[in-house]
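See below for target-v7.cif, which holds mmCIF, C-alpha atoms.
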```cif
data_start
#
loop_
_atom_site.label_atom_id
_atom_site.label_comp_id
_atom_site.auth_asym_id
_atom_site.auth_seq_id
_atom_site.Cartn_x
_atom_site.Cartn_y
_atom_site.Cartn_z
CA MET A 1 0.00 0.00 0.00
CA SER A 2 1.31 3.44 -0.78
CA VAL A 3 1.36 6.42 1.56
CA ILE A 4 -1.35 8.97 0.75
CA ASN A 5 -0.47 12.67 0.70
CA LEU A 6 -3.47 14.40 2.24
CA THR A 7 -4.71 17.89 1.43
CA LYS A 8 -7.74 19.77 2.72
CA ASN A 9 -9.44 18.81 -0.56
CA THR A 10 -8.86 15.05 -0.16
CA PHE A 11 -9.14 14.81 3.64
CA ASN A 12 -12.86 14.00 3.89
CA LYS A 13 -12.75 11.38 1.14
CA GLU A 14 -9.59 9.65 2.38
CA VAL A 15 -10.14 9.91 6.15
CA LEU A 16 -13.72 10.67 7.16
CA ASP A 17 -15.60 8.86 4.37
CA THR A 18 -13.78 5.55 4.78
CA ASP A 19 -14.36 2.53 6.96
CA LYS A 20 -10.59 2.10 7.33
CA THR A 21 -8.45 3.16 10.27
CA VAL A 22 -6.12 5.97 9.13
CA LEU A 23 -2.72 6.87 10.59
CA ILE A 24 -1.75 10.44 9.67
CA ASP A 25 1.81 11.76 9.95
CA PHE A 26 1.91 15.57 10.23
CA TRP A 27 5.39 16.59 9.04
CA ALA A 28 7.55 19.26 7.34
CA ALA A 29 10.55 19.04 5.02
CA TRP A 30 12.80 21.04 7.40
CA CYS A 31 12.04 18.82 10.43
CA GLY A 32 14.87 16.42 11.40
CA PRO A 33 12.75 13.90 13.36
CA CYS A 34 10.22 13.97 10.48
CA LYS A 35 12.97 12.93 8.07
CA MET A 36 13.88 10.07 10.42
CA LEU A 37 10.22 8.99 10.60
CA THR A 38 9.55 8.99 6.84
CA PRO A 39 11.17 5.60 6.06
CA VAL A 40 9.40 4.09 9.09
CA ILE A 41 6.04 5.39 7.79
CA HIS A 42 6.74 3.85 4.37
CA GLU A 43 7.76 0.54 5.96
CA LEU A 44 4.56 0.57 8.03
CA SER A 45 2.47 1.17 4.89
CA GLU A 46 3.88 -2.04 3.42
CA LYS A 47 3.04 -4.08 6.52
CA VAL A 48 -0.48 -3.01 7.53
CA PRO A 49 -3.57 -5.01 6.54
CA ASP A 50 -5.91 -3.66 3.85
CA ASP A 51 -8.32 -2.21 6.42
CA TYR A 52 -5.76 0.51 7.29
CA LYS A 53 -4.52 3.61 5.47
CA ILE A 54 -1.28 5.48 6.04
CA ALA A 55 -1.20 9.18 5.16
CA LYS A 56 0.99 12.25 5.47
CA VAL A 57 0.15 15.95 5.83
CA ASN A 58 2.79 18.57 5.05
CA VAL A 59 2.05 21.21 7.70
CA ASP A 60 3.67 23.99 5.67
CA GLU A 61 1.36 23.31 2.71
CA GLU A 62 -1.76 22.36 4.71
CA ARG A 63 -1.84 24.78 7.62
CA GLU A 64 -5.65 24.48 7.95
CA LEU A 65 -5.46 20.72 8.55
CA ALA A 66 -2.65 21.14 11.06
CA ALA A 67 -4.67 23.80 12.90
CA LYS A 68 -7.81 21.65 12.81
CA PHE A 69 -5.97 18.96 14.78
CA GLY A 70 -4.09 21.34 17.06
CA VAL A 71 -0.69 20.29 15.73
CA THR A 72 1.92 22.46 17.44
CA SER A 73 4.91 20.10 17.34
CA ILE A 74 6.01 17.79 14.56
CA PRO A 75 6.09 15.03 13.78
CA THR A 76 2.63 14.44 15.19
CA ILE A 77 0.96 11.09 14.55
CA ILE A 78 -2.83 10.90 14.75
CA VAL A 79 -4.91 7.75 14.30
CA ILE A 80 -8.51 8.21 13.18
CA LYS A 81 -11.19 5.53 13.13
CA ASP A 82 -14.85 6.15 12.29
CA GLY A 83 -14.11 9.89 12.07
CA LYS A 84 -12.74 10.10 15.62
CA ILE A 85 -9.21 10.40 16.98
CA VAL A 86 -8.42 7.12 18.74
CA ASN A 87 -4.70 7.62 19.35
CA GLN A 88 -1.94 10.16 18.91
CA ALA A 89 1.73 10.72 19.62
CA VAL A 90 4.30 13.47 19.16
CA GLY A 91 7.90 12.93 18.05
CA TYR A 92 9.76 10.14 16.33
CA ARG A 93 8.41 6.66 16.95
CA PRO A 94 9.89 3.30 15.86
CA LEU A 95 7.87 0.86 13.77
CA ASN A 96 6.60 -1.20 16.72
CA ASP A 97 5.29 1.93 18.45
CA LEU A 98 3.39 2.93 15.30
CA LYS A 99 1.90 -0.55 15.11
CA LYS A 100 0.77 -0.23 18.75
CA LEU A 101 -0.87 3.13 17.96
CA LEU A 102 -2.86 1.30 15.28
CA GLY A 103 -3.70 -1.56 17.64
CA LEU A 104 -1.64 -4.09 15.66
#
```
Since I need it in another form, could you write the structure as structure tokens?
Amino acid sequence: MSVINLTKNTFNKEVLDTDKTVLIDFWAAWCGPCKMLTPVIHELSEKVPDDYKIAKVNVDEERELAAKFGVTSIPTIIVIKDGKIVNQAVGYRPLNDLKKLLGL
């Protein structure tokens, strides 16, 4: 499965209008821990079952989405299921921690 790049225009379709659990990585190109997390996010996307989605939001390009979720530090990981936040974490996390956030 590939990682989805979310925008305010695709957010509802990809996150709210799906029956899948979605992990969203809020990141920026200038953020060191975000750069460390990127390969882990891509590895996770290859290992999750089909009833999950992995997505990224560039906070510099999508300020409205970042504000909507109160993102003040990056990377911020938010897990959404049935339109509700079910888990979140701030900072770099290894693969096993991301799996735990998803309940895997």
Problem - Separation of CA of Lys13 (chain A) from CA of Thr72 (chain A) in Å - result: 24.6 Å
Practice task
To verify the selection step, state as a list in words which residues the PyMOL selection byres ((chain A and resi 71) around 12) yields on this input.
Solution key: Ile24, Asp25, Phe26, Trp27, Ala28, Val57, Asn58, Val59, Asp60, Glu62, Arg63, Glu64, Leu65, Ala66, Ala67, Lys68, Phe69, Gly70, Thr72, Ser73, Ile74, Pro75, Thr76, Ile77, Ile78, Gln88, Ala89, Val90 and Gly91 of chain A
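The nearest approach to Pro49 (chain A) among the residues A:Val79, A:Ile4, A:Val22, A:Leu16, with all atoms listed in the file taken into account, belongs to A:Val22.
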Practice task
Go through A:Gly83, A:Gly32, A:Pro39, A:Gly103 one by one, measure the shortest atom-to-atom distance of each to Asn12 (chain A) using all atoms listed in the file, and give the residue with the smallest value.
Solution key: A:Gly83
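Using all atoms listed in the file, the shortest contact distance between Ser2 (chain A) and any of A:Ile54, A:Lys35, A:Thr21, A:Val15 is found at A:Ile54.
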Practice task
Name the closest residue to Val40 (chain A) among the candidates A:Ala55, A:Thr18, A:Arg93, A:Ile80; distances are taken between atoms, counting all atoms listed in the file.
Solution key: A:Arg93
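Taking CA of Lys8 (chain A) as the reference point, CA of Leu104 (chain A) is found at 27.8 Å.
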Fill in the blank from the handout: Using only C-alpha atoms, the shortest atom-to-atom distance to Glu43 (chain A) among A:Ile85, A:Leu95, A:Ala29, A:Leu6 belongs to A:Leu95
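Comparing the minimum interatomic distances between Thr10 (chain A) and each of A:Leu101, A:Asn96, A:Lys56, A:Asn87, counting all atoms listed in the file, we find that A:Lys56 sits nearest.
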Problem - Coordinates-based distance that separates CA of Asn9 (chain A) from CA of Leu102 (chain A) (Å, one decimal) - result: 24.5 Å
Practice task
Quick one: everything within 9 Å of Lys99 (chain A), counting all atoms listed in the file, minus sequence neighbours fewer than 5 positions away in the same chain. Send it as an NGL selection string.
Solution key: :A and (44 or 48 or 94 or 104)
